[in-house]
file run-v1.cif (mmCIF, C-alpha atoms and all ligand atoms)
data_upload
#
loop_
_atom_site.label_atom_id
_atom_site.label_comp_id
_atom_site.auth_asym_id
_atom_site.auth_seq_id
_atom_site.Cartn_x
_atom_site.Cartn_y
_atom_site.Cartn_z
CA MET A 1 -6.77 8.39 -14.36
CA ARG A 2 -4.90 5.30 -15.55
CA ILE A 3 -3.61 2.55 -13.28
CA ILE A 4 -0.79 0.33 -14.52
CA LEU A 5 0.20 -2.63 -12.39
CA TYR A 6 3.46 -4.51 -12.91
CA LEU A 7 3.72 -8.08 -11.76
CA GLY A 8 6.01 -11.05 -12.36
CA LYS A 9 8.28 -13.56 -10.66
CA GLY A 10 10.55 -12.45 -7.81
CA GLY A 11 13.58 -10.44 -8.86
CA VAL A 12 12.75 -10.06 -12.57
CA GLY A 13 12.69 -6.26 -12.43
CA LYS A 14 9.14 -5.25 -11.45
CA THR A 15 10.20 -2.40 -9.21
CA THR A 16 12.72 -1.16 -11.77
CA THR A 17 10.25 -1.24 -14.67
CA ALA A 18 7.48 0.33 -12.59
CA ALA A 19 9.77 3.16 -11.47
CA ALA A 20 11.07 3.68 -15.03
CA THR A 21 7.51 3.78 -16.42
CA ALA A 22 6.44 6.28 -13.77
CA LEU A 23 9.44 8.49 -14.44
CA ARG A 24 8.76 8.53 -18.18
CA CYS A 25 5.06 9.35 -17.56
CA ALA A 26 6.13 12.24 -15.34
CA GLN A 27 8.58 13.47 -17.99
CA LEU A 28 5.73 13.42 -20.51
CA GLY A 29 3.85 15.82 -18.24
CA TYR A 30 1.43 13.49 -16.43
CA ARG A 31 0.91 13.90 -12.71
CA THR A 32 2.19 10.48 -11.68
CA LEU A 33 2.24 8.36 -8.55
CA VAL A 34 4.35 5.24 -8.25
CA ALA A 35 3.28 3.10 -5.30
CA SER A 36 4.60 -0.17 -4.02
CA THR A 37 2.25 -2.70 -2.45
CA ASP A 38 4.95 -5.27 -1.77
CA ILE A 39 5.62 -5.53 1.97
CA ALA A 40 9.28 -6.01 1.09
CA HIS A 41 9.52 -2.51 -0.37
CA SER A 42 12.42 -1.66 -2.64
CA LEU A 43 11.05 1.37 -4.45
CA ALA A 44 13.12 3.74 -2.32
CA ASP A 45 16.26 1.82 -3.28
CA SER A 46 15.32 1.88 -6.93
CA LEU A 47 14.65 5.62 -6.97
CA ASP A 48 17.59 6.06 -4.62
CA MET A 49 15.55 8.34 -2.38
CA PRO A 50 13.96 7.99 1.05
CA LEU A 51 10.20 7.37 0.88
CA SER A 52 7.36 7.09 3.36
CA ASP A 53 3.82 5.82 3.45
CA GLU A 54 2.55 9.18 2.21
CA PRO A 55 3.32 10.26 -1.37
CA VAL A 56 6.69 12.07 -1.50
CA GLN A 57 7.61 14.19 -4.51
CA VAL A 58 10.75 12.74 -6.10
CA ALA A 59 10.90 14.64 -9.42
CA GLU A 60 8.82 17.06 -11.42
CA ASN A 61 5.30 15.54 -11.72
CA LEU A 62 6.42 12.41 -9.89
CA TRP A 63 5.41 11.20 -6.45
CA ALA A 64 6.34 7.90 -4.85
CA GLN A 65 4.96 5.99 -1.91
CA GLU A 66 5.60 2.76 -0.09
CA ILE A 67 2.21 1.82 1.25
CA SER A 68 1.93 0.75 4.81
CA VAL A 69 -1.50 -0.56 5.56
CA VAL A 70 -1.23 -0.85 9.30
CA ALA A 71 -3.03 2.44 10.06
CA ASP A 72 -5.67 1.93 7.42
CA LEU A 73 -6.19 -1.63 8.44
CA GLN A 74 -6.78 -0.65 12.00
CA LYS A 75 -9.23 2.06 10.97
CA ASN A 76 -11.31 0.04 8.53
CA TRP A 77 -10.86 -3.44 9.65
CA GLY A 78 -9.79 -3.25 13.26
CA LYS A 79 -13.28 -3.16 14.69
CA LEU A 80 -14.33 -6.33 12.97
CA GLN A 81 -11.07 -8.04 13.70
CA ASP A 82 -11.11 -7.08 17.38
CA PHE A 83 -14.60 -8.35 17.63
CA THR A 84 -13.92 -11.73 16.06
CA SER A 85 -10.70 -12.02 17.96
CA ASN A 86 -12.44 -11.34 21.27
CA MET A 87 -15.04 -13.90 20.45
CA ILE A 88 -12.44 -16.52 19.68
CA ALA A 89 -10.22 -15.62 22.62
CA GLY A 90 -13.25 -15.90 24.88
CA ARG A 91 -13.42 -19.56 23.92
CA GLY A 92 -10.14 -20.44 25.54
CA LEU A 93 -7.66 -19.77 22.74
CA SER A 94 -4.67 -17.56 23.30
CA ARG A 95 -4.90 -13.96 22.12
CA VAL A 96 -2.07 -14.49 19.62
CA VAL A 97 -3.83 -17.38 17.91
CA ALA A 98 -7.19 -15.61 18.07
CA ASP A 99 -5.74 -12.51 16.40
CA GLU A 100 -4.34 -14.59 13.57
CA LEU A 101 -7.53 -16.55 13.08
CA SER A 102 -9.69 -13.47 13.02
CA SER A 103 -7.84 -11.72 10.22
CA PHE A 104 -9.46 -12.55 6.92
CA PRO A 105 -6.64 -13.88 4.76
CA GLY A 106 -5.59 -11.28 2.22
CA MET A 107 -7.70 -8.52 3.72
CA ASP A 108 -4.68 -6.36 4.46
CA GLU A 109 -3.80 -6.43 0.78
CA VAL A 110 -7.27 -5.37 -0.28
CA VAL A 111 -7.07 -2.48 2.15
CA CYS A 112 -3.79 -1.58 0.49
CA LEU A 113 -5.42 -1.36 -2.94
CA LEU A 114 -8.38 0.54 -1.51
CA HIS A 115 -5.88 2.99 -0.11
CA ILE A 116 -4.16 3.52 -3.47
CA ASN A 117 -7.50 3.97 -5.22
CA LYS A 118 -8.62 6.57 -2.69
CA GLN A 119 -5.32 8.38 -2.83
CA ALA A 120 -5.29 8.42 -6.63
CA LYS A 121 -8.73 10.01 -6.71
CA GLU A 122 -8.11 12.54 -3.95
CA ASN A 123 -4.83 13.74 -5.38
CA ASN A 124 -5.91 13.83 -9.01
CA PHE A 125 -3.12 11.69 -10.33
CA ASP A 126 -3.23 11.10 -14.09
CA ARG A 127 -1.12 7.98 -13.85
CA VAL A 128 -0.80 5.53 -10.98
CA ILE A 129 1.91 2.92 -11.42
CA ILE A 130 1.80 0.01 -8.99
CA ASP A 131 4.86 -2.03 -8.14
CA ALA A 132 3.29 -5.24 -6.91
CA ALA A 133 4.58 -8.23 -4.97
CA PRO A 134 5.69 -11.39 -6.82
CA THR A 135 3.05 -13.10 -8.96
CA GLY A 136 1.40 -15.56 -6.56
CA GLU A 137 0.68 -12.92 -3.94
CA THR A 138 -0.51 -10.42 -6.53
CA ILE A 139 -2.92 -12.88 -8.13
CA ARG A 140 -4.25 -13.65 -4.67
CA LEU A 141 -4.56 -9.94 -4.03
CA LEU A 142 -6.49 -9.41 -7.25
CA THR A 143 -8.91 -12.22 -6.46
CA MET A 144 -9.53 -10.94 -2.93
CA PRO A 145 -12.26 -8.47 -3.91
CA ASP A 146 -14.27 -11.42 -5.26
CA THR A 147 -13.56 -13.61 -2.27
CA PHE A 148 -14.42 -10.86 0.15
CA SER A 149 -17.70 -10.10 -1.64
CA TRP A 150 -18.54 -13.75 -1.35
CA TYR A 151 -17.93 -13.74 2.41
CA ALA A 152 -19.84 -10.54 2.86
CA THR A 153 -22.85 -11.73 0.85
CA HIS A 154 -23.01 -14.89 2.87
CA LEU A 155 -22.69 -12.96 6.05
CA SER A 156 -25.60 -10.74 5.07
CA ARG A 157 -27.67 -13.76 4.17
CA PHE A 158 -27.23 -15.07 7.67
CA GLU A 159 -27.49 -11.60 9.08
CA ARG A 160 -30.34 -12.32 11.45
CA GLY A 161 -28.79 -15.47 12.77
CA VAL A 162 -25.46 -13.72 13.15
CA ILE A 163 -26.91 -10.84 15.13
CA LYS A 164 -28.63 -13.26 17.45
CA ALA A 165 -25.50 -15.31 17.89
CA ILE A 166 -23.19 -12.41 18.57
CA LYS A 167 -25.46 -10.35 20.81
CA PRO A 168 -24.12 -11.70 24.09
CA PHE A 169 -20.54 -10.90 23.07
CA ALA A 170 -21.22 -7.81 21.00
CA SER A 171 -22.36 -5.65 23.86
CA ARG A 172 -18.84 -5.76 25.25
CA LEU A 173 -17.36 -4.21 22.15
CA LEU A 174 -19.90 -2.52 19.98
CA LYS A 175 -22.74 -0.16 20.66
CA ALA A 176 -24.95 -2.30 18.48
CA PRO A 177 -24.28 -5.48 16.56
CA SER A 178 -25.36 -3.64 13.42
CA GLU A 179 -22.15 -1.61 13.74
CA LEU A 180 -20.25 -4.76 12.87
CA LEU A 181 -22.37 -5.43 9.83
CA ASP A 182 -22.05 -1.79 8.81
CA THR A 183 -18.29 -2.24 8.77
CA VAL A 184 -18.66 -5.29 6.58
CA TYR A 185 -21.04 -3.47 4.20
CA THR A 186 -18.81 -0.42 3.93
CA LEU A 187 -15.84 -2.61 3.11
CA GLN A 188 -17.86 -4.70 0.70
CA LYS A 189 -19.06 -1.64 -1.20
CA ALA A 190 -15.57 -0.18 -1.44
CA THR A 191 -14.19 -3.55 -2.49
CA GLU A 192 -16.77 -3.91 -5.25
CA GLU A 193 -15.96 -0.46 -6.58
CA LEU A 194 -12.30 -1.33 -6.46
CA ARG A 195 -12.91 -4.52 -8.41
CA GLU A 196 -14.73 -2.49 -11.07
CA THR A 197 -11.90 0.02 -11.35
CA LEU A 198 -9.25 -2.69 -11.51
CA SER A 199 -11.01 -4.60 -14.27
CA ASP A 200 -12.03 -1.57 -16.34
CA PRO A 201 -9.76 -1.64 -19.41
CA GLU A 202 -10.21 2.12 -19.87
CA ILE A 203 -8.57 2.65 -16.47
CA SER A 204 -6.40 -0.32 -15.55
CA SER A 205 -3.70 -2.28 -17.36
CA TYR A 206 -1.58 -5.19 -16.18
CA ARG A 207 1.93 -5.79 -17.43
CA VAL A 208 3.87 -8.93 -16.77
CA VAL A 209 7.63 -8.56 -16.41
CA LEU A 210 9.80 -11.53 -17.28
CA GLN A 211 13.25 -12.62 -18.39
CA PRO A 212 14.09 -14.89 -21.31
CA GLU A 213 14.31 -17.98 -19.09
CA LYS A 214 12.13 -21.03 -18.83
CA MET A 215 10.79 -20.82 -15.29
CA VAL A 216 10.26 -17.09 -15.39
CA MET A 217 8.41 -17.48 -18.68
CA ARG A 218 6.18 -20.19 -17.21
CA GLU A 219 5.21 -18.02 -14.30
CA ALA A 220 4.43 -15.15 -16.66
CA GLU A 221 2.17 -17.47 -18.70
CA ARG A 222 0.38 -18.49 -15.56
CA ALA A 223 -0.07 -14.84 -14.60
CA VAL A 224 -1.52 -13.90 -18.00
CA SER A 225 -3.79 -16.93 -17.91
CA TYR A 226 -5.16 -16.08 -14.48
CA LEU A 227 -5.50 -12.37 -15.15
CA GLY A 228 -7.53 -13.30 -18.23
CA LEU A 229 -9.65 -15.67 -16.20
CA PHE A 230 -10.57 -13.01 -13.66
CA GLY A 231 -11.12 -10.39 -16.35
CA TYR A 232 -8.15 -8.14 -15.59
CA PRO A 233 -6.90 -6.45 -18.78
CA VAL A 234 -3.30 -7.31 -19.66
CA ASP A 235 -1.90 -4.81 -22.17
CA SER A 236 1.70 -5.98 -22.73
CA VAL A 237 4.67 -7.95 -21.56
CA VAL A 238 8.10 -6.55 -20.64
CA VAL A 239 11.11 -8.79 -21.21
CA ASN A 240 13.88 -7.50 -18.99
CA ARG A 241 17.64 -8.16 -19.02
CA VAL A 242 17.85 -8.98 -22.72
CA MET A 243 21.49 -9.42 -23.82
CA ALA A 244 22.67 -7.66 -26.98
CA ALA A 245 24.46 -9.68 -29.69
CA ASP A 246 27.62 -7.63 -28.98
CA ASP A 247 27.65 -8.92 -25.40
CA ALA A 248 27.97 -12.53 -26.55
CA GLN A 249 31.77 -12.64 -26.20
CA GLY A 250 33.37 -15.84 -24.99
CA ASP A 251 31.76 -19.26 -24.48
CA PHE A 252 29.85 -18.37 -21.33
CA TYR A 253 28.15 -15.28 -22.71
CA GLN A 254 27.68 -16.83 -26.16
CA LYS A 255 25.75 -19.69 -24.59
CA LYS A 256 23.69 -17.34 -22.42
CA TYR A 257 22.89 -15.23 -25.46
CA GLU A 258 21.75 -18.26 -27.48
CA THR A 259 19.54 -19.49 -24.65
CA GLN A 260 17.97 -16.04 -24.38
CA GLN A 261 17.33 -15.95 -28.13
CA LYS A 262 15.58 -19.32 -27.94
CA TYR A 263 13.26 -18.11 -25.18
CA LEU A 264 12.66 -14.76 -26.88
CA GLY A 265 11.25 -16.70 -29.84
CA MET A 266 8.99 -18.68 -27.53
CA ILE A 267 7.91 -15.56 -25.67
CA ASN A 268 6.84 -14.06 -29.00
CA ASP A 269 4.60 -17.03 -29.74
CA ASN A 270 3.35 -17.52 -26.21
CA PHE A 271 2.18 -13.95 -25.68
CA THR A 272 1.02 -12.88 -29.11
CA PRO A 273 -0.98 -10.66 -29.77
CA LEU A 274 0.21 -8.73 -26.70
CA PRO A 275 2.91 -6.16 -27.49
CA ILE A 276 6.29 -7.26 -26.17
CA TRP A 277 8.80 -4.70 -24.87
CA GLU A 278 12.46 -5.53 -24.37
CA ALA A 279 14.77 -3.87 -21.87
CA PRO A 280 18.53 -4.45 -22.22
CA TYR A 281 20.74 -6.17 -19.69
CA TYR A 282 22.97 -3.39 -18.32
CA ALA A 283 26.38 -3.96 -16.86
CA GLU A 284 25.50 -1.55 -14.05
CA GLU A 285 22.60 -1.67 -11.59
CA VAL A 286 19.49 0.22 -12.61
CA VAL A 287 19.25 2.57 -9.67
CA GLY A 288 18.49 6.30 -9.56
CA LEU A 289 16.58 8.59 -11.90
CA GLU A 290 19.23 8.72 -14.61
CA MET A 291 19.44 4.95 -15.09
CA LEU A 292 15.66 4.58 -14.82
CA SER A 293 15.19 7.19 -17.50
CA ARG A 294 17.66 5.33 -19.73
CA LEU A 295 15.82 2.05 -19.22
CA ALA A 296 12.46 3.68 -20.07
CA GLN A 297 13.96 5.04 -23.30
CA ASP A 298 15.62 1.75 -24.27
CA CYS A 299 12.49 -0.23 -23.45
CA PHE A 300 9.64 1.93 -24.75
CA GLY A 301 11.51 4.07 -27.29
CA ASP A 302 9.39 7.12 -28.04
CA GLU A 303 6.14 5.45 -27.01
CA ASP A 304 4.17 6.76 -24.05
CA PRO A 305 4.24 3.87 -21.52
CA GLY A 306 1.16 5.36 -19.84
CA LYS A 307 -1.10 4.59 -22.74
CA ILE A 308 -3.09 1.40 -23.33
CA PHE A 309 -0.97 -0.87 -25.54
CA TYR A 310 -3.52 -3.58 -26.21
CA GLU A 311 -7.28 -3.59 -26.04
CA GLY A 312 -9.16 -6.83 -26.04
CA LYS A 313 -9.05 -10.12 -24.26
CA VAL A 314 -6.07 -12.47 -24.31
CA HIS A 315 -8.53 -15.32 -24.11
CA GLU A 316 -12.11 -15.96 -23.25
CA ILE A 317 -13.51 -19.04 -21.55
CA ILE A 318 -17.18 -19.67 -22.30
CA GLU A 319 -19.29 -22.27 -20.53
CA GLN A 320 -21.30 -24.42 -22.94
CA PRO A 321 -24.84 -25.74 -22.43
CA ASP A 322 -23.55 -29.35 -22.44
CA GLY A 323 -21.27 -28.71 -19.47
CA GLY A 324 -18.17 -28.33 -21.62
CA PHE A 325 -16.15 -25.17 -22.20
CA LEU A 326 -14.97 -23.21 -25.21
CA MET A 327 -11.75 -21.23 -25.09
CA ARG A 328 -11.41 -18.45 -27.66
CA MET A 329 -7.99 -16.97 -28.21
CA PRO A 330 -7.21 -14.21 -30.73
CA LEU A 331 -4.12 -15.14 -32.78
CA PRO A 332 -4.28 -12.51 -35.54
CA PHE A 333 -0.82 -13.21 -36.99
CA VAL A 334 -1.05 -16.97 -37.16
CA THR A 335 -2.02 -18.82 -40.32
CA GLY A 336 -2.50 -22.54 -40.86
CA LYS A 337 -5.30 -25.04 -40.90
CA ASP A 338 -3.99 -27.93 -38.89
CA VAL A 339 -4.27 -27.28 -35.15
CA LYS A 340 -2.44 -29.82 -32.98
CA LEU A 341 -3.10 -29.91 -29.26
CA ARG A 342 -1.26 -31.77 -26.53
CA LYS A 343 -2.29 -31.52 -22.91
CA ARG A 344 -0.30 -32.57 -19.87
CA GLY A 345 -1.87 -31.70 -16.52
CA ASP A 346 -2.46 -27.98 -16.52
CA GLU A 347 -0.09 -27.39 -19.45
CA MET A 348 -1.28 -27.27 -23.03
CA PHE A 349 0.90 -27.22 -26.13
CA ILE A 350 -0.61 -25.76 -29.27
CA THR A 351 0.99 -26.20 -32.70
CA ILE A 352 -0.32 -24.53 -35.84
CA GLY A 353 2.17 -24.75 -38.73
CA ASN A 354 5.34 -23.04 -37.46
CA PHE A 355 3.53 -21.47 -34.56
CA LYS A 356 3.94 -23.11 -31.16
CA ARG A 357 2.40 -21.97 -27.93
CA GLU A 358 2.64 -23.37 -24.44
CA MET A 359 0.06 -22.26 -21.97
CA ILE A 360 -1.05 -22.91 -18.43
CA LEU A 361 -4.70 -23.80 -18.11
CA PRO A 362 -6.93 -22.73 -15.24
CA THR A 363 -8.18 -25.60 -13.06
CA VAL A 364 -11.63 -25.75 -14.65
CA LEU A 365 -10.03 -26.60 -18.02
CA ALA A 366 -7.03 -28.56 -16.76
CA LYS A 367 -9.21 -31.42 -15.57
CA ARG A 368 -11.10 -31.79 -18.87
CA ARG A 369 -10.14 -33.42 -22.12
CA THR A 370 -10.00 -31.27 -25.23
CA GLY A 371 -12.30 -31.90 -28.14
CA GLY A 372 -9.90 -30.30 -30.61
CA GLY A 373 -9.29 -26.83 -31.93
CA ALA A 374 -9.81 -24.78 -35.08
CA LEU A 375 -8.47 -21.46 -36.28
CA ALA A 376 -10.89 -19.18 -38.11
CA ASP A 377 -10.68 -15.44 -38.83
CA GLY A 378 -7.64 -15.03 -36.60
CA VAL A 379 -9.30 -16.66 -33.57
CA LEU A 380 -8.36 -20.07 -32.23
CA GLU A 381 -11.25 -21.94 -30.65
CA ILE A 382 -10.57 -24.95 -28.47
CA THR A 383 -13.33 -27.08 -27.02
CA PHE A 384 -13.04 -28.78 -23.65
CA LEU A 385 -15.38 -31.72 -23.16
CA PRO A 386 -17.89 -32.10 -20.33
CA LEU A 387 -16.66 -34.24 -17.45
CA GLU A 388 -17.68 -37.79 -18.23
CA SER A 389 -17.59 -39.98 -15.18
CA GLU A 390 -19.26 -39.34 -11.85
CA GLU A 391 -15.84 -39.49 -10.31
CA GLU A 392 -14.70 -36.56 -12.42
CA ALA A 393 -17.88 -34.67 -11.69
CA ALA A 394 -17.44 -35.28 -7.98
CA VAL A 395 -13.96 -33.81 -8.09
CA ALA A 396 -15.41 -30.83 -9.95
N1 LIG B 401 17.79 -4.50 -17.12
C1 LIG B 401 18.56 -4.57 -16.04
N2 LIG B 401 19.92 -4.59 -16.14
C2 LIG B 401 20.67 -4.67 -15.03
N3 LIG B 401 20.21 -4.73 -13.78
C3 LIG B 401 18.87 -4.71 -13.61
C4 LIG B 401 17.98 -4.63 -14.73
N4 LIG B 401 16.72 -4.64 -14.25
C5 LIG B 401 16.81 -4.72 -12.91
N5 LIG B 401 18.10 -4.75 -12.51
C6 LIG B 401 18.60 -4.84 -11.12
O1 LIG B 401 18.14 -6.07 -10.58
C7 LIG B 401 17.76 -5.93 -9.24
C8 LIG B 401 16.35 -6.45 -9.03
O2 LIG B 401 15.43 -5.63 -9.73
P1 LIG B 401 14.00 -5.25 -9.12
O3 LIG B 401 14.13 -4.87 -7.69
O4 LIG B 401 13.38 -4.27 -10.04
O5 LIG B 401 13.26 -6.65 -9.23
P2 LIG B 401 11.82 -7.04 -8.63
O6 LIG B 401 11.15 -7.90 -9.62
O7 LIG B 401 11.09 -5.82 -8.20
O8 LIG B 401 12.24 -7.88 -7.36
P3 LIG B 401 11.32 -8.35 -6.12
O9 LIG B 401 10.54 -9.53 -6.62
O10 LIG B 401 12.30 -8.70 -5.08
O11 LIG B 401 10.44 -7.19 -5.79
C9 LIG B 401 17.94 -4.46 -8.89
O12 LIG B 401 19.15 -4.32 -8.20
C10 LIG B 401 18.02 -3.76 -10.23
O13 LIG B 401 18.87 -2.64 -10.18
MG MG B 402 10.25 -5.30 -6.31
#

call {"tool": "encode", "arguments": {"input": "run-v1.cif", "output": "structure tokens"}}
result
Amino acid sequence: MRIILYLGKGGVGKTTTAAATALRCAQLGYRTLVASTDIAHSLADSLDMPLSDEPVQVAENLWAQEISVVADLQKNWGKLQDFTSNMIAGRGLSRVVADELSSFPGMDEVVCLLHINKQAKENNFDRVIIDAAPTGETIRLLTMPDTFSWYATHLSRFERGVIKAIKPFASRLLKAPSELLDTVYTLQKATEELRETLSDPEISSYRVVLQPEKMVMREAERAVSYLGLFGYPVDSVVVNRVMAADDAQGDFYQKKYETQQKYLGMINDNFTPLPIWEAPYYAEEVVGLEMLSRLAQDCFGDEDPGKIFYEGKVHEIIEQPDGGFLMRMPLPFVTGKDVKLRKRGDEMFITIGNFKREMILPTVLAKRRTGGGALADGVLEITFLPLESEEEAAVA
């Protein structure tokens, strides 16, 4: 099984690209599921077919599903939530507030991914294409397995204390307090497995969808940076709504075309060595199987969009014994000796000869000064210095 997850800024064409990819995979003979995890589902609109929260067959080899986690949530998570909620409500807070407070933030999303994973295995899908919510939410979703494991580990560490503390309340709800911990363990185990699946480059790939525009590009850089940080394998970038030279008629469209060309150049530098796919800007909406099939052809040509397009890390961040960090970034096509770096907050601008890259740094690097960079054997290495003052260390 392969899982391909599309993410990107709101409205860039995630649902469209995910549906087009799934359709092409199905046409190539793979048993394919396209599932949307965005609460604001639009997969049904894109495929132009009614969908439900169970997989519905929409074409030969193709099933689609708009996940609703409510039932699953209640089954897996309800017990724990009810329990915490009752405990909080018992302390004089209203039920509404207690219910909100007792839901682990982001847990519903994890349950959603657990659901897809289970479904994919049970139904023997060869390809599972996920249409995710806009970037911020998706990144949060992908970091949830780690966060949850952290909570669960701490809970188990205080297990004895917890059981003692909850005994007076637990009897009202649970047969034994251990039932509560069992729920946590079951979820923790499933979440850890999920994390493994989602970061296994043999199984999962992440594709960032963007448009040749500044803000969209920035968000895509941030997404790639964070996916790299958490070890999720990005295998390509899809640039959607790319205008053809023939469309640049009249001042308005000429200017738009030129702006797009400028950003396309930057996108090339900013995402190398990831493969970059381009989908044209159509005059008509991309809705229904025929248009989706056309987009898949125009975007991927004769390539199989279900395969892994890039293997390897986009960057690696290695902690150094002196408290500093080393960032290693493969740039196989770049030549030049003189590496210039400029850092402004969490943005870093890299110049090597004609090559220019802008990138968004994760927090751990953003607050450090760089000690310079060097390119050797197609890999750029940038050092980040240890935090100097106590003030800096305290912030860290
Ligand atoms: N290349 C294209 N040419 C023309 N129209 C397009 C193209 N790609 C997408 N569209 C249209 O743009 C609209 C938004 O696309 P889509 O729903 O795929 O974006 P999204 O990133 O999933 O949005 P959201 O963040 O709201 O989920 C749709 O109506 C779709 O038909
Ligand atoms: Mg969408």

call {"tool": "residues_near_ligand", "arguments": {"input": "run-v1.cif", "ligand": "ligand LIG 401 (chain B)", "cutoff": "10 Å", "atoms": "all atoms listed in the file", "output": "NGL selection string"}}
result
:A and (6-20 or 36-43 or 45-47 or 131-135 or 209-211 or 239-243 or 278-288 or 291-292 or 295 or 298-299)

call {"tool": "closest_residue", "arguments": {"input": "run-v1.cif", "among": "A:Pro330, A:Pro212, A:Gly250, A:Gly306", "to": "Pro273 (chain A)", "atoms": "only C-alpha atoms"}}
result
A:Pro330

call {"tool": "residues_around", "arguments": {"input": "run-v1.cif", "residues": "Pro55 (chain A)", "least_positions_apart": "6", "cutoff": "9 Å", "atoms": "only C-alpha atoms", "output": "JSON, numbers by chain"}}
result
{"A": [33, 34, 35, 63, 64, 65, 66, 67, 119]}

call {"tool": "atom_distance", "arguments": {"input": "run-v1.cif", "atom1": "CA of Ser204 (chain A)", "atom2": "CA of Gln27 (chain A)"}}
result
20.5 Å

call {"tool": "closest_residue", "arguments": {"input": "run-v1.cif", "among": "A:Leu331, A:Leu62, A:Ala248, A:Ile130", "to": "ligand MG 402 (chain B)", "atoms": "all atoms listed in the file"}}
result
A:Ile130

call {"tool": "residues_around", "arguments": {"input": "run-v1.cif", "residues": "region 360-374 of chain A", "least_positions_apart": "6", "cutoff": "10 Å", "atoms": "all atoms listed in the file", "output": "count of residues only"}}
result
45

call {"tool": "closest_residue", "arguments": {"input": "run-v1.cif", "among": "A:Ala190, A:Met266, A:Ile318, A:Ala44", "to": "ligand MG 402 (chain B)", "atoms": "all atoms listed in the file"}}
result
A:Ala44

call {"tool": "atom_distance", "arguments": {"input": "run-v1.cif", "atom1": "CA of Val111 (chain A)", "atom2": "CA of Cys25 (chain A)"}}
result
26.0 Å

call {"tool": "closest_residue", "arguments": {"input": "run-v1.cif", "among": "A:Thr138, A:Glu311, A:Arg127, A:Ser52", "to": "ligand MG 402 (chain B)", "atoms": "all atoms listed in the file"}}
result
A:Thr138

call {"tool": "atom_distance", "arguments": {"input": "run-v1.cif", "atom1": "CA of Met217 (chain A)", "atom2": "CA of Asp304 (chain A)"}}
result
25.2 Å

call {"tool": "closest_residue", "arguments": {"input": "run-v1.cif", "among": "A:Val234, A:Val334, A:Leu187, A:Val379", "to": "Lys313 (chain A)", "atoms": "all atoms listed in the file"}}
result
A:Val234
